[in-house]
Amino acid sequence: MNLKVRLSIMNFLEFAVWGAYLTCMGNYLGVAGLGDQIPWFYAIQGIVSIFMPTLMGIVADKYIQPQRLLGLCHLLAGFFMIACWWMGDEAGHGNEIINKSLFITLYTLSVAFFMPTIALTNTVAFTILKNNGMDTVKDFPPIRVLGTVGFIAAMWFVNCAFLDETGFGYTLGHNPYKFQYTYYQFLVSGLLSVLLFLYSFTLPECKLVKKEGKVSLAESFGLNAFKLFKRRQMALFFIFSALLGMCLQVTNGFAGPFLTSFKGIPEFADSFAANNATMLTSISQISEACCILLIPFFLKRFGIKVVMLMSLFAWVFRFGFFGIGDPAMPGVIFFILSCVVYGVAFDFFNVSGGIFVDQECDPKIKASAQGLFMMMTNGIGATVGTLAAGEVVNSFCSWEEFTVNGSKQSFLVGDWQTCWFAFAAFALVVGVTFALVFKPEKKPITEVKH
């Protein structure tokens, strides 16, 4: 099989594991009696991202070949995710989890072993491509796009698949047994992890490279990158990275429960958006895949500051469109527009930010700087933002039980509009402040002063 095809399959499975539950998990947590814990379930991903990728990176550098460690991490992540499914199955459809603490622990362990695999798949792909004389800049993007395709495919599957007393099937209409509302989304994710565990051992070897010279403990954990805060430009950049990171998981955690809550309103109960929230939000990932290809053009034409500003203000529209839309025509158009601008909101800062760090820093500190960038956005920023967003949502909304088409279901209902407008206002303030205070230096940073 063609090498690039094999790496594309790896990326497809990697992100399909995540897509199976990331955007629809909130729908089930409400039913399981964990609705008020939704912020923590998403914040956990940020918390473990602060240290687990670094720890697994050290293991991959020194002890276990990256492709094998990738498989082992997925085996453990899959095992714990399947255990979450088992606990849901034991409780039964529409019932609360009996041992909530154990469920949260199993989920945390699964995420702790999954999050490092995102970086490991990149390491494996880059290593194999380089070992075979390929150009990573040219050959990697098409491989990575297949990861987004896998994420979308998993979202569509759990959106349509159901399992009830009549058996297994698919539907775009109303069905309370659809995987996006039940614990079966965790089973799909777990089985895909196990499949990737098996597949990873068919990949070419990524032999360990013995490092010359001594490396301090601080350097091993990337702590030397904090010296970058001594430069005003980089300090501001990383601070704004954390502030923007606060927006990253908000819609992942609450877009599903928000759209699904319209099922509790009779005039919207049978609408496509209310019954297929996961499929509708998958437009965001489609937009993301397209916007990645636009970044080189926009960077060359407008520069890094303007591109980052486009991202910041795109978040304003991302949240604002949710606030003014509804599942009926023409309101549903605003939901679609919110998903379309997500590609700009997510990619134009995350991807262009990584390019900015790469261009501005000396090769000796680039790896640490990239690690710090990810820590500030997906670690600290995403964690604080998710918990703060949860406080806002829990203040204006609550889980209530409704009878829809003869079956009882729980929805997170309340003043959603105020919540979305509050998030939009936050993004607007960050964007305006960034425009006023951030001024990129013309010369790259070639050293870090002690």
# chains A, B, ... in the order shown; residues from 1 in each chain; ligands from 1
call {"tool": "select_by_dssp", "arguments": {"residues": "range 3-219 of chain A", "states": "alpha helix (DSSP H)", "output": "PyMOL selection string"}}
result
chain A and resi 3-19+25-31+38-62+66-91+100-131+136-160+184-200+217-219
call {"tool": "residues_around", "arguments": {"residues": "Leu280 in chain A", "least_positions_apart": "3", "cutoff": "9 Å", "atoms": "only C-alpha atoms", "output": "PDB file with C-alpha atoms, in the first residue's frame"}}
result
ATOM      1  CA  PHE A 272     -33.547  18.942  11.284  1.00  0.00           C
ATOM      2  CA  ALA A 273     -31.206  21.094  13.407  1.00  0.00           C
ATOM      3  CA  ASN A 276     -29.279  16.257  14.042  1.00  0.00           C
ATOM      4  CA  ALA A 277     -27.114  18.623  16.067  1.00  0.00           C
ATOM      5  CA  ILE A 283     -20.039  21.810   8.948  1.00  0.00           C
ATOM      6  CA  SER A 284     -17.517  23.429  11.300  1.00  0.00           C
ATOM      7  CA  PHE A 335     -26.474  28.302  12.691  1.00  0.00           C
ATOM      8  CA  ILE A 336     -24.928  27.307   9.362  1.00  0.00           C
ATOM      9  CA  CYS A 339     -20.313  26.691  11.550  1.00  0.00           C
TER      10      CYS A 339
END
call {"tool": "atom_distance", "arguments": {"atom1": "CA of Ala289 in chain A", "atom2": "CA of Ile152 in chain A"}}
result
10.3 Å
call {"tool": "closest_residue", "arguments": {"among": "A:Ala388, A:Val344, A:Leu187, A:Met279", "to": "Leu259 in chain A", "atoms": "only C-alpha atoms"}}
result
A:Met279
call {"tool": "atom_distance", "arguments": {"atom1": "CA of Ala424 in chain A", "atom2": "CA of Ala274 in chain A"}}
result
22.2 Å
call {"tool": "select_by_dssp", "arguments": {"residues": "range 151-303 of chain A", "states": "strand (DSSP E or B)", "output": "list in words"}}
result
Ala161, Phe162, Leu163, Asp164, Gly167, Phe168, Gly169, Tyr170 and Lys178 of chain A
call {"tool": "decode", "arguments": {"residues": "range 290-305 of chain A", "atoms": "N, CA and C atoms", "output": "PDB file, in the first residue's frame"}}
result
ATOM      1  N   CYS A 290     -11.171  23.315   4.820  1.00  0.00           N
ATOM      2  CA  CYS A 290     -11.011  24.255   3.689  1.00  0.00           C
ATOM      3  C   CYS A 290     -10.131  25.437   4.061  1.00  0.00           C
ATOM      4  N   CYS A 291     -10.306  25.956   5.275  1.00  0.00           N
ATOM      5  CA  CYS A 291      -9.579  27.160   5.672  1.00  0.00           C
ATOM      6  C   CYS A 291      -8.085  26.911   5.851  1.00  0.00           C
ATOM      7  N   ILE A 292      -7.708  25.682   6.170  1.00  0.00           N
ATOM      8  CA  ILE A 292      -6.280  25.363   6.279  1.00  0.00           C
ATOM      9  C   ILE A 292      -5.568  25.705   4.973  1.00  0.00           C
ATOM     10  N   LEU A 293      -6.234  25.444   3.854  1.00  0.00           N
ATOM     11  CA  LEU A 293      -5.643  25.667   2.537  1.00  0.00           C
ATOM     12  C   LEU A 293      -5.557  27.152   2.193  1.00  0.00           C
ATOM     13  N   LEU A 294      -6.325  28.006   2.886  1.00  0.00           N
ATOM     14  CA  LEU A 294      -6.338  29.437   2.591  1.00  0.00           C
ATOM     15  C   LEU A 294      -5.288  30.215   3.359  1.00  0.00           C
ATOM     16  N   ILE A 295      -4.750  29.632   4.429  1.00  0.00           N
ATOM     17  CA  ILE A 295      -3.842  30.352   5.312  1.00  0.00           C
ATOM     18  C   ILE A 295      -2.602  30.897   4.597  1.00  0.00           C
ATOM     19  N   PRO A 296      -1.901  30.113   3.766  1.00  0.00           N
ATOM     20  CA  PRO A 296      -0.709  30.660   3.087  1.00  0.00           C
ATOM     21  C   PRO A 296      -1.013  31.929   2.291  1.00  0.00           C
ATOM     22  N   PHE A 297      -2.153  31.935   1.578  1.00  0.00           N
ATOM     23  CA  PHE A 297      -2.522  33.107   0.781  1.00  0.00           C
ATOM     24  C   PHE A 297      -2.759  34.329   1.668  1.00  0.00           C
ATOM     25  N   PHE A 298      -3.533  34.147   2.745  1.00  0.00           N
ATOM     26  CA  PHE A 298      -3.859  35.271   3.607  1.00  0.00           C
ATOM     27  C   PHE A 298      -2.623  35.781   4.357  1.00  0.00           C
ATOM     28  N   LEU A 299      -1.749  34.878   4.769  1.00  0.00           N
ATOM     29  CA  LEU A 299      -0.531  35.309   5.451  1.00  0.00           C
ATOM     30  C   LEU A 299       0.339  36.148   4.529  1.00  0.00           C
ATOM     31  N   LYS A 300       0.476  35.698   3.310  1.00  0.00           N
ATOM     32  CA  LYS A 300       1.316  36.422   2.349  1.00  0.00           C
ATOM     33  C   LYS A 300       0.702  37.770   1.995  1.00  0.00           C
ATOM     34  N   ARG A 301      -0.617  37.817   1.886  1.00  0.00           N
ATOM     35  CA  ARG A 301      -1.308  39.028   1.444  1.00  0.00           C
ATOM     36  C   ARG A 301      -1.478  40.052   2.559  1.00  0.00           C
ATOM     37  N   PHE A 302      -1.795  39.607   3.782  1.00  0.00           N
ATOM     38  CA  PHE A 302      -2.160  40.535   4.847  1.00  0.00           C
ATOM     39  C   PHE A 302      -1.206  40.555   6.043  1.00  0.00           C
ATOM     40  N   GLY A 303      -0.414  39.519   6.231  1.00  0.00           N
ATOM     41  CA  GLY A 303       0.483  39.498   7.378  1.00  0.00           C
ATOM     42  C   GLY A 303      -0.135  38.831   8.590  1.00  0.00           C
ATOM     43  N   ILE A 304       0.719  38.518   9.563  1.00  0.00           N
ATOM     44  CA  ILE A 304       0.314  37.702  10.697  1.00  0.00           C
ATOM     45  C   ILE A 304      -0.707  38.393  11.594  1.00  0.00           C
ATOM     46  N   LYS A 305      -0.566  39.690  11.839  1.00  0.00           N
ATOM     47  CA  LYS A 305      -1.480  40.375  12.757  1.00  0.00           C
ATOM     48  C   LYS A 305      -2.898  40.406  12.208  1.00  0.00           C
TER      49      LYS A 305
END
